[in-house]
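What's in model-v7.txt: compact mmCIF, C-alpha atoms (C1' of nucleotides)
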# COMPACT_ATOMS: atom_id res chain seq x y z
CA MET U 522 111.28 136.84 152.87
CA TYR U 523 109.63 134.67 150.33
CA PRO U 524 112.06 131.77 150.41
CA GLY U 525 112.57 129.04 147.87
CA ASP U 526 112.23 131.02 144.73
CA THR U 527 114.45 132.50 142.10
CA GLU U 528 114.23 135.70 144.02
CA VAL U 529 115.75 134.33 147.18
CA THR U 530 116.87 137.06 149.51
CA ASP U 531 116.36 135.88 153.02
CA GLN U 532 118.96 137.38 155.33
CA VAL U 533 118.08 136.27 158.81
CA GLY U 534 119.97 138.26 161.38
CA ALA U 535 118.01 141.47 161.42
CA ALA U 536 119.28 143.75 164.13
CA CYS U 537 115.91 145.24 164.99
CA PRO U 538 113.07 142.83 165.74
CA ILE U 539 110.51 145.20 164.32
CA ARG U 540 112.35 145.39 161.04
CA ASP U 541 112.62 141.66 161.13
CA LEU U 542 108.89 141.41 161.62
CA LEU U 543 108.09 143.94 158.95
CA ASP U 544 110.28 142.11 156.49
CA ARG U 545 107.81 139.31 156.96
CA ILE U 546 104.60 141.24 157.43
CA GLY U 547 105.48 144.20 155.29
CA GLY U 548 104.91 142.38 152.07
CA ARG U 549 102.11 143.82 150.06
CA TRP U 550 99.73 141.03 151.04
CA SER U 551 100.68 139.31 154.28
CA VAL U 552 98.47 141.46 156.43
CA ARG U 553 95.51 141.07 154.10
CA VAL U 554 95.93 137.31 154.21
CA ILE U 555 96.17 137.22 158.00
CA GLU U 556 93.07 139.35 158.33
CA GLU U 557 91.21 137.14 155.92
CA LEU U 558 92.23 134.07 157.88
CA ALA U 559 91.33 135.56 161.24
CA GLY U 560 88.36 133.61 162.48
CA ARG U 561 87.87 131.09 159.74
CA THR U 562 90.04 128.80 157.68
CA ARG U 563 90.11 129.27 153.96
CA ARG U 564 91.11 127.45 150.82
CA PHE U 565 93.50 128.73 148.23
CA THR U 566 90.92 129.80 145.72
CA GLU U 567 88.72 131.30 148.39
CA LEU U 568 91.57 133.53 149.42
CA GLU U 569 92.35 134.37 145.85
CA ARG U 570 88.79 135.54 145.33
CA ALA U 571 88.45 137.23 148.71
CA ILE U 572 91.59 139.29 148.52
CA GLU U 573 91.00 140.93 145.21
CA GLY U 574 93.92 142.24 143.31
CA ILE U 575 96.28 139.52 144.45
CA SER U 576 97.83 137.31 141.83
CA ARG U 577 98.13 133.55 142.08
CA ARG U 578 101.83 133.91 142.39
CA MET U 579 101.79 136.42 145.21
CA LEU U 580 99.15 134.50 147.10
CA ALA U 581 101.23 131.33 146.90
CA ARG U 582 104.38 133.15 147.92
CA THR U 583 102.71 134.94 150.79
CA LEU U 584 101.13 131.77 152.08
CA ARG U 585 104.43 129.95 151.97
CA ALA U 586 106.29 132.71 153.75
CA LEU U 587 103.70 132.79 156.52
CA GLU U 588 103.67 129.04 156.74
CA ARG U 589 107.43 128.92 156.96
CA ASP U 590 107.40 131.33 159.86
CA GLY U 591 104.89 129.18 161.69
CA LEU U 592 102.13 131.73 161.36
CA LEU U 593 99.78 129.58 159.42
CA ALA U 594 99.02 125.91 159.05
CA ARG U 595 98.46 124.23 155.73
CA THR U 596 96.31 121.12 155.60
CA VAL U 597 95.99 119.01 152.48
CA TYR U 598 92.96 116.79 152.01
CA PRO U 599 93.59 113.96 149.52
CA THR U 600 90.37 114.52 147.61
CA VAL U 601 90.54 114.23 143.88
CA PRO U 602 91.35 117.76 142.80
CA ALA U 603 93.29 118.18 146.05
CA THR U 604 91.80 120.47 148.67
CA VAL U 605 94.04 122.65 150.83
CA GLU U 606 92.99 124.55 153.89
CA TYR U 607 94.86 127.42 155.49
CA ALA U 608 94.43 128.51 159.08
CA LEU U 609 96.22 130.80 161.48
CA THR U 610 98.29 129.06 164.09
CA PRO U 611 98.00 129.93 167.80
CA LEU U 612 101.22 131.85 167.39
CA ALA U 613 99.69 134.04 164.73
CA LEU U 614 96.65 134.84 166.86
CA GLY U 615 98.55 137.27 169.06
CA LEU U 616 100.02 138.96 166.08
CA ALA U 617 96.63 139.17 164.43
CA ALA U 618 95.31 140.97 167.50
CA LEU U 619 98.10 143.51 167.33
CA LEU U 620 97.48 144.03 163.66
CA ALA U 621 93.82 144.58 164.39
CA ALA U 622 94.79 147.28 166.88
CA LEU U 623 96.98 148.86 164.25
CA ALA U 624 94.12 148.73 161.78
CA ASP U 625 91.92 150.47 164.32
CA TRP U 626 94.49 153.18 164.76
CA ALA U 627 94.70 153.61 161.03
CA ARG U 628 90.92 153.84 160.75
CA ASN U 629 90.59 156.27 163.64
CA HIS U 630 93.30 158.57 162.38
CA ARG U 631 92.88 158.27 158.69
CA SER U 632 91.32 161.70 158.49
CA ASP U 633 94.09 163.27 160.55
CA VAL U 634 96.71 161.83 158.29
CA LEU U 635 94.82 162.79 155.18
CA ALA U 636 94.37 166.33 156.49
CA ALA U 637 98.04 166.62 157.37
CA ARG U 638 98.96 165.37 153.95
CA GLU U 639 96.71 167.83 152.21
CA ARG U 640 98.05 170.69 154.28
CA TYR U 641 101.60 169.65 153.53
CA ASP U 642 100.94 169.45 149.82
CA THR U 643 99.35 172.88 149.90
CA GLU U 644 102.09 174.59 151.85
CA HIS U 645 104.84 173.00 149.85
CA GLY U 646 104.41 172.53 146.13
CA ALA U 647 101.79 169.87 145.63
CA PRO U 648 103.47 167.07 143.67
CA ALA U 649 101.99 165.87 140.40
CA GLY U 650 99.52 163.09 141.17
CA ALA U 651 99.47 163.56 144.90
CA SER U 652 96.14 165.26 145.37
CA THR U 653 93.86 163.82 147.97
CA GLY U 654 91.75 161.60 145.85
CA ALA U 655 94.11 160.53 143.12
CA PRO U 656 92.72 157.50 141.29
CA GLU U 657 94.63 154.29 140.97
CA SER U 658 97.71 154.15 138.84
CA ARG U 659 99.52 150.84 138.56
CA MET X 486 104.74 156.98 149.52
CA TYR X 487 107.71 159.22 149.36
CA PRO X 488 106.16 162.11 147.44
CA GLY X 489 107.86 164.84 145.53
CA ASP X 490 110.54 162.87 143.83
CA THR X 491 111.20 161.36 140.49
CA GLU X 492 109.86 158.13 141.88
CA VAL X 493 106.40 159.43 142.61
CA THR X 494 103.93 156.68 143.18
CA ASP X 495 101.47 157.80 145.79
CA GLN X 496 98.08 156.27 145.12
CA VAL X 497 95.88 157.33 147.98
CA GLY X 498 92.69 155.37 148.03
CA ALA X 499 93.80 152.17 149.67
CA ALA X 500 90.85 149.94 150.37
CA CYS X 501 92.27 148.48 153.56
CA PRO X 502 93.39 150.91 156.26
CA ILE X 503 96.12 148.60 157.40
CA ARG X 504 97.56 148.41 153.93
CA ASP X 505 97.28 152.13 153.74
CA LEU X 506 99.20 152.42 156.96
CA LEU X 507 101.83 149.92 155.95
CA ASP X 508 102.37 151.75 152.72
CA ARG X 509 103.49 154.60 154.92
CA ILE X 510 105.12 152.67 157.73
CA GLY X 511 106.22 149.69 155.72
CA GLY X 512 109.13 151.48 154.17
CA ARG X 513 112.43 149.98 155.12
CA TRP X 514 113.17 152.76 157.63
CA SER X 515 110.04 154.52 158.87
CA VAL X 516 109.69 152.36 161.94
CA ARG X 517 113.35 152.71 162.84
CA VAL X 518 113.02 156.47 162.61
CA ILE X 519 109.90 156.57 164.74
CA GLU X 520 111.53 154.43 167.38
CA GLU X 521 114.58 156.63 167.38
CA LEU X 522 112.45 159.70 167.80
CA ALA X 523 110.34 158.22 170.57
CA GLY X 524 111.15 160.18 173.68
CA ARG X 525 113.67 162.66 172.40
CA THR X 526 113.97 164.93 169.42
CA ARG X 527 116.85 164.46 167.04
CA ARG X 528 118.72 166.28 164.37
CA PHE X 529 119.30 165.01 160.89
CA THR X 530 122.85 163.92 161.34
CA GLU X 531 122.09 162.41 164.72
CA LEU X 532 119.51 160.22 163.10
CA GLU X 533 121.84 159.38 160.29
CA ARG X 534 124.43 158.16 162.74
CA ALA X 535 121.97 156.49 165.09
CA ILE X 536 120.18 154.46 162.49
CA GLU X 537 123.14 152.80 160.90
CA GLY X 538 122.81 151.47 157.43
CA ILE X 539 120.47 154.22 156.28
CA SER X 540 121.61 156.44 153.47
CA ARG X 541 121.24 160.20 153.44
CA ARG X 542 118.72 159.88 150.71
CA MET X 543 116.51 157.37 152.46
CA LEU X 544 116.64 159.26 155.72
CA ALA X 545 115.58 162.45 153.97
CA ARG X 546 112.79 160.68 152.10
CA THR X 547 111.56 158.87 155.16
CA LEU X 548 111.53 162.03 157.25
CA ARG X 549 109.61 163.86 154.57
CA ALA X 550 107.04 161.12 154.19
CA LEU X 551 106.43 161.02 157.93
CA GLU X 552 106.28 164.79 158.12
CA ARG X 553 103.81 164.91 155.28
CA ASP X 554 101.52 162.51 157.09
CA GLY X 555 101.65 164.66 160.19
CA LEU X 556 103.60 162.10 162.17
CA LEU X 557 106.59 164.24 162.82
CA ALA X 558 107.36 167.92 163.18
CA ARG X 559 110.35 169.58 161.62
CA THR X 560 111.77 172.69 163.24
CA VAL X 561 114.43 174.80 161.62
CA TYR X 562 116.66 177.03 163.73
CA PRO X 563 118.24 179.85 161.75
CA THR X 564 121.71 179.25 163.11
CA VAL X 565 124.57 179.56 160.69
CA PRO X 566 124.92 176.06 159.35
CA ALA X 567 121.16 175.65 159.82
CA THR X 568 120.00 173.32 162.57
CA VAL X 569 116.93 171.14 162.11
CA GLU X 570 115.15 169.23 164.80
CA TYR X 571 112.74 166.38 164.28
CA ALA X 572 110.17 165.28 166.83
CA LEU X 573 107.16 163.00 166.88
CA THR X 574 103.83 164.75 166.86
CA PRO X 575 101.10 163.91 169.38
CA LEU X 576 99.42 162.01 166.59
CA ALA X 577 102.44 159.80 166.16
CA LEU X 578 102.64 158.97 169.85
CA GLY X 579 99.73 156.57 169.72
CA LEU X 580 101.16 154.88 166.71
CA ALA X 581 104.56 154.66 168.34
CA ALA X 582 102.97 152.85 171.27
CA LEU X 583 101.37 150.33 168.96
CA LEU X 584 104.64 149.82 167.17
CA ALA X 585 106.35 149.26 170.49
CA ALA X 586 103.80 146.54 171.25
CA LEU X 587 104.52 145.00 167.90
CA ALA X 588 108.22 145.13 168.62
CA ASP X 589 107.59 143.36 171.90
CA TRP X 590 105.66 140.66 170.14
CA ALA X 591 108.48 140.25 167.68
CA ARG X 592 111.01 140.02 170.46
CA ASN X 593 108.98 137.58 172.51
CA HIS X 594 108.27 135.29 169.60
CA ARG X 595 111.44 135.60 167.65
CA SER X 596 112.57 132.16 168.76
CA ASP X 597 109.24 130.58 167.85
CA VAL X 598 109.41 132.03 164.40
CA LEU X 599 113.03 131.07 163.95
CA ALA X 600 112.30 127.55 165.11
CA ALA X 601 109.34 127.23 162.77
CA ARG X 602 111.46 128.49 159.94
CA GLU X 603 114.22 126.01 160.66
CA ARG X 604 111.76 123.16 160.86
CA TYR X 605 110.18 124.21 157.60
CA ASP X 606 113.51 124.42 155.82
CA THR X 607 114.45 120.99 157.12
CA GLU X 608 111.22 119.26 156.17
CA HIS X 609 111.11 120.86 152.78
CA GLY X 610 114.29 121.32 150.82
CA ALA X 611 116.30 124.03 152.53
CA PRO X 612 116.84 126.79 149.98
CA ALA X 613 120.35 127.97 149.15
CA GLY X 614 121.26 130.66 151.61
CA ALA X 615 118.39 130.15 153.97
CA SER X 616 120.10 128.32 156.81
CA THR X 617 119.51 129.73 160.26
CA GLY X 618 122.49 131.93 160.61
CA ALA X 619 123.13 133.09 157.11
CA PRO X 620 125.26 136.22 157.13
CA GLU X 621 124.20 139.40 155.46
CA SER X 622 123.90 139.54 151.74
CA ARG X 623 122.44 142.74 150.29
C1' DC I 160 91.85 123.10 142.54
C1' DA I 161 96.57 124.33 143.99
C1' DG I 162 100.85 125.83 142.86
C1' DC I 163 105.32 126.34 140.41
C1' DA I 164 108.24 128.46 136.75
C1' DT I 165 109.31 132.01 133.41
C1' DC I 166 109.31 136.50 131.40
C1' DC I 167 108.94 141.26 132.20
C1' DA I 168 107.47 145.90 134.15
C1' DA I 169 107.50 148.91 138.13
C1' DT I 170 109.70 150.44 142.40
C1' DT I 171 112.84 150.81 145.86
C1' DC I 172 117.32 151.54 147.55
C1' DG I 173 122.24 152.76 148.00
C1' DA I 174 126.32 155.47 146.79
C1' DT I 175 127.72 159.75 145.83
C1' DA I 176 128.57 164.37 144.08
C1' DC I 177 126.84 169.00 144.73
C1' DT I 178 124.58 173.22 147.08
C1' DG I 179 122.77 176.91 150.44
C1' DC K 567 124.80 170.83 158.84
C1' DA K 568 120.93 169.46 155.98
C1' DG K 569 119.48 168.18 152.22
C1' DT K 570 118.75 167.46 146.80
C1' DA K 571 119.80 165.41 142.09
C1' DT K 572 121.41 161.58 139.37
C1' DC K 573 122.58 156.80 138.13
C1' DG K 574 122.80 152.10 138.38
C1' DA K 575 121.71 147.73 140.98
C1' DA K 576 118.54 144.92 143.40
C1' DT K 577 113.85 143.56 144.65
C1' DT K 578 109.14 143.25 144.19
C1' DG K 579 105.05 142.35 141.85
C1' DG K 580 101.94 140.94 137.81
C1' DA K 581 100.53 137.95 133.93
C1' DT K 582 100.25 133.52 132.50
C1' DG K 583 101.14 128.81 130.71
C1' DC K 584 101.77 124.15 132.59
C1' DT K 585 101.23 120.13 135.73
C1' DG K 586 99.41 116.60 139.18
Could you write out this file's structure as structure tokens?
Amino acid sequence: MYPGDTEVTDQVGAACPIRDLLDRIGGRWSVRVIEELAGRTRRFTELERAIEGISRRMLARTLRALERDGLLARTVYPTVPATVEYALTPLALGLAALLAALADWARNHRSDVLAARERYDTEHGAPAGASTGAPESR
Amino acid sequence: MYPGDTEVTDQVGAACPIRDLLDRIGGRWSVRVIEELAGRTRRFTELERAIEGISRRMLARTLRALERDGLLARTVYPTVPATVEYALTPLALGLAALLAALADWARNHRSDVLAARERYDTEHGAPAGASTGAPESR
DNA sequence: CAGCATCCAATTCGATACTG
DNA sequence: CAGTATCGAATTGGATGCTG
């Protein structure tokens, strides 16, 4: 993913379609961007502000990767300090729906997962910073 | 993800549930493992052989991470060279279904994505090894 | 505003040797 | 069989200065 950069990796022929998809979607930000774009189009800076925590670089890279895969459309308006709008393509709509379902699952079972995790950490030796409410780190 | 190791990272309080989920599922192998376990239980070495490309280390780490989150159950049979069986938990079943849907989407739209990618690479300058059928690299 | 390039830190991953 | 421990290589991600 993330083509046209010093960090070119690509590799196209993934055996498993899901892996193939996750290589695209699995990036730290792709899903956030798709969610943000679901419903309304956005401009670069709008996304940058809305997503919080994303760097200019990663936003640009994520947008390009999604654009390259035909998941989002980029429209440039020749205004003076150029304006660029991003929008999901029809293709991406179906995917966005699936992702929404996944998000629902995650929301509905968050407590189950958290509970399981806590139990696991208790039964086995709880690792260093792996308590339930560990604060941010990076 | 992947607790209890030198490479501890964790960080629990993800703002977005989907991100939170992907941090767990987004690993290179989690989805493969879940798919492999869908339907039948498996033993460590069976998984290792079935998944192809996965290393002992990553399989062990992935299994542990999924177990910790309550997505799979590990059963040890006190035979002589110990036998261990892995199976999806009821909790994981729902997720597995969603992942299957995602896999379907990926399969059904693989050509669209590939086409979009090719078009993009043609219109813009095609990056080094980013042709359509580039062989493996990593 | 939008976005690319460069430098650098943090993580992930793979191969492999070793153990109960 | 079923892992764990260690090491080095590859990738990802963040900060930021620069340009049209």
Based on all atoms listed in the file, which of the residues in chain I come within 9 Å of chain X? I want them as a list in words.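 Result, ordered by chain then number: DT170, DT171, DC172, DG173 and DA174 of chain I.
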What does the distance from atom CA of Leu587 of chain U to atom CA of Thr610 of chain U come to in Å, to one decimal? 10.0 Å
For the contact check between chain K and chain U, emit one row per residue of chain K within 12 Å, containing the shortest atom pair and the distance in Å rounded to one decimal, counting only C-alpha atoms (C1' of nucleotides), chain then rising number order, as CSV.
residue,atom,partner,partner_atom,distance
K:DA576,C1',U:Thr530,CA,10.1
K:DT577,C1',U:Glu528,CA,7.9
K:DT578,C1',U:Gly548,CA,9.0
K:DG579,C1',U:Met579,CA,7.6
K:DG580,C1',U:Ser576,CA,6.8
K:DA581,C1',U:Ser576,CA,8.4
K:DT582,C1',U:Arg577,CA,9.8
K:DG586,C1',U:Pro602,CA,8.9
So how many Å separate atom CA of Leu548 of chain X and atom CA of Leu573 of chain X, to one decimal?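 Between atom CA of Leu548 of chain X and atom CA of Leu573 of chain X the gap is 10.6 Å.
Closest approach to Arg638 of chain U from the set X:Arg553, X:Ser515, X:Leu584, X:Arg528 is made by X:Arg553, with distances taken over all atoms listed in the file.
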Of U:Leu592, U:Glu573, U:Ala624, U:Leu568, the one sitting nearest chain X when using only C-alpha atoms is U:Ala624
How many Å lie between atom CA of Leu599 of chain X and atom CA of Ala581 of chain U, rounded to one decimal? 20.7 Å
Long-range neighbours of Glu556 of chain U as a VMD selection string, 12 Å cut-off, only C-alpha atoms (C1' of nucleotides), 2 positions minimum in chain: (chain U and resid 546 550 to 554 558 to 563 568 571 to 572 593 608 to 609 613 to 614 616 to 624) or (chain X and resid 501 to 504)
Set up a box along x, y and z of the file covering all listed atoms of segment 567-576 of chain K, add 8 Å on every one of the six sides, and write the centre and edge lengths in Å to one decimal, as JSON.
{"center_x": 121.7, "center_y": 157.9, "center_z": 148.5, "size_x": 22.3, "size_y": 41.9, "size_z": 36.7}
Mind listing as number ranges by chain all residues within 10 Å of (105.1, 125.4, 156.4), counting all atoms listed in the file? U: 584-596; X: 601-602, 604-606, 608-609
Which residues, written as a list in words, have at least one atom at most 10 Å from DC163 of chain I, with all atoms listed in the file counted and residues fewer than 2 positions away on the same chain left out?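 Contacts, with the query itself left out: Asp526, Arg578 and Ala581 of chain U; DA161 and DT165 of chain I; DC584 and DT585 of chain K.
The closest residue to chain X, picked from U:Glu557, U:Trp626, U:Thr643, U:Thr583 and counting all atoms listed in the file, is U:Trp626.
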Which is closest to DC567 of chain K among X:Ile519, X:Leu507, X:Val569, X:Ala591, if we use only C-alpha atoms (C1' of nucleotides)? X:Val569
Write segment 563-574 of chain U as a compact mmCIF listing (two decimals), in the frame of the given file, completed to all heavy atoms.
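Writing the result to part-v4.txt gives the following:
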# COMPACT_ATOMS: atom_id res chain seq x y z
N ARG U 563 90.48 129.00 155.34
CA ARG U 563 90.11 129.27 153.96
C ARG U 563 90.89 128.36 153.02
O ARG U 563 91.94 127.86 153.36
CB ARG U 563 90.49 130.71 153.60
CG ARG U 563 89.77 131.74 154.40
CD ARG U 563 88.40 131.98 153.86
NE ARG U 563 87.88 133.27 154.26
CZ ARG U 563 86.76 133.77 153.77
NH1 ARG U 563 86.09 133.12 152.86
NH2 ARG U 563 86.34 134.95 154.20
N ARG U 564 90.41 128.24 151.83
CA ARG U 564 91.11 127.45 150.82
C ARG U 564 91.77 128.43 149.86
O ARG U 564 91.43 129.61 149.82
CB ARG U 564 90.12 126.55 150.09
CG ARG U 564 89.61 125.47 151.02
CD ARG U 564 88.55 124.65 150.39
NE ARG U 564 88.87 124.30 149.01
CZ ARG U 564 88.01 123.72 148.20
NH1 ARG U 564 86.79 123.45 148.64
NH2 ARG U 564 88.34 123.42 146.97
N PHE U 565 92.71 127.89 149.12
CA PHE U 565 93.50 128.73 148.23
C PHE U 565 92.63 129.64 147.35
O PHE U 565 92.78 130.86 147.35
CB PHE U 565 94.38 127.84 147.35
CG PHE U 565 95.41 128.62 146.57
CD1 PHE U 565 96.67 128.85 147.10
CD2 PHE U 565 95.11 129.13 145.32
CE1 PHE U 565 97.63 129.57 146.39
CE2 PHE U 565 96.05 129.86 144.60
CZ PHE U 565 97.31 130.08 145.14
N THR U 566 91.74 129.03 146.65
CA THR U 566 90.92 129.80 145.72
C THR U 566 90.00 130.78 146.44
O THR U 566 89.69 131.85 145.92
CB THR U 566 90.10 128.86 144.83
OG1 THR U 566 90.99 127.95 144.22
CG2 THR U 566 89.38 129.64 143.75
N GLU U 567 89.56 130.39 147.62
CA GLU U 567 88.72 131.30 148.39
C GLU U 567 89.48 132.57 148.68
O GLU U 567 88.98 133.69 148.53
CB GLU U 567 88.33 130.65 149.72
CG GLU U 567 87.24 129.62 149.64
CD GLU U 567 86.85 129.17 151.04
OE1 GLU U 567 87.63 128.42 151.66
OE2 GLU U 567 85.76 129.56 151.51
N LEU U 568 90.73 132.37 149.11
CA LEU U 568 91.57 133.53 149.42
C LEU U 568 91.80 134.36 148.17
O LEU U 568 91.73 135.58 148.19
CB LEU U 568 92.91 133.06 149.99
CG LEU U 568 92.88 132.50 151.41
CD1 LEU U 568 94.21 131.86 151.77
CD2 LEU U 568 92.53 133.60 152.39
N GLU U 569 92.07 133.67 147.11
CA GLU U 569 92.35 134.37 145.85
C GLU U 569 91.17 135.27 145.47
O GLU U 569 91.36 136.39 145.03
CB GLU U 569 92.62 133.34 144.75
CG GLU U 569 93.13 133.97 143.48
CD GLU U 569 93.45 132.92 142.42
OE1 GLU U 569 93.27 131.71 142.67
OE2 GLU U 569 93.86 133.33 141.31
N ARG U 570 89.97 134.74 145.68
CA ARG U 570 88.79 135.54 145.33
C ARG U 570 88.54 136.62 146.36
O ARG U 570 88.18 137.75 146.02
CB ARG U 570 87.56 134.63 145.24
CG ARG U 570 87.38 134.05 143.85
CD ARG U 570 86.02 133.43 143.71
NE ARG U 570 85.90 132.23 144.55
CZ ARG U 570 85.94 131.00 144.09
NH1 ARG U 570 86.12 130.77 142.80
NH2 ARG U 570 85.81 129.97 144.90
N ALA U 571 88.75 136.28 147.64
CA ALA U 571 88.45 137.23 148.71
C ALA U 571 89.39 138.43 148.71
O ALA U 571 88.99 139.54 149.03
CB ALA U 571 88.51 136.53 150.06
N ILE U 572 90.62 138.20 148.36
CA ILE U 572 91.59 139.29 148.52
C ILE U 572 91.58 140.32 147.42
O ILE U 572 91.89 141.48 147.64
CB ILE U 572 92.98 138.70 148.80
CG1 ILE U 572 92.90 138.02 150.17
CG2 ILE U 572 94.03 139.78 148.80
CD1 ILE U 572 94.18 137.54 150.73
N GLU U 573 91.18 139.94 146.28
CA GLU U 573 91.00 140.93 145.21
C GLU U 573 92.22 141.75 144.88
O GLU U 573 92.65 142.61 145.66
CB GLU U 573 89.87 141.89 145.58
CG GLU U 573 89.80 143.10 144.65
CD GLU U 573 88.37 143.47 144.31
OE1 GLU U 573 87.52 143.52 145.22
OE2 GLU U 573 88.10 143.69 143.11
N GLY U 574 92.75 141.49 143.73
CA GLY U 574 93.92 142.24 143.31
C GLY U 574 95.18 141.40 143.45
O GLY U 574 96.20 141.68 142.83
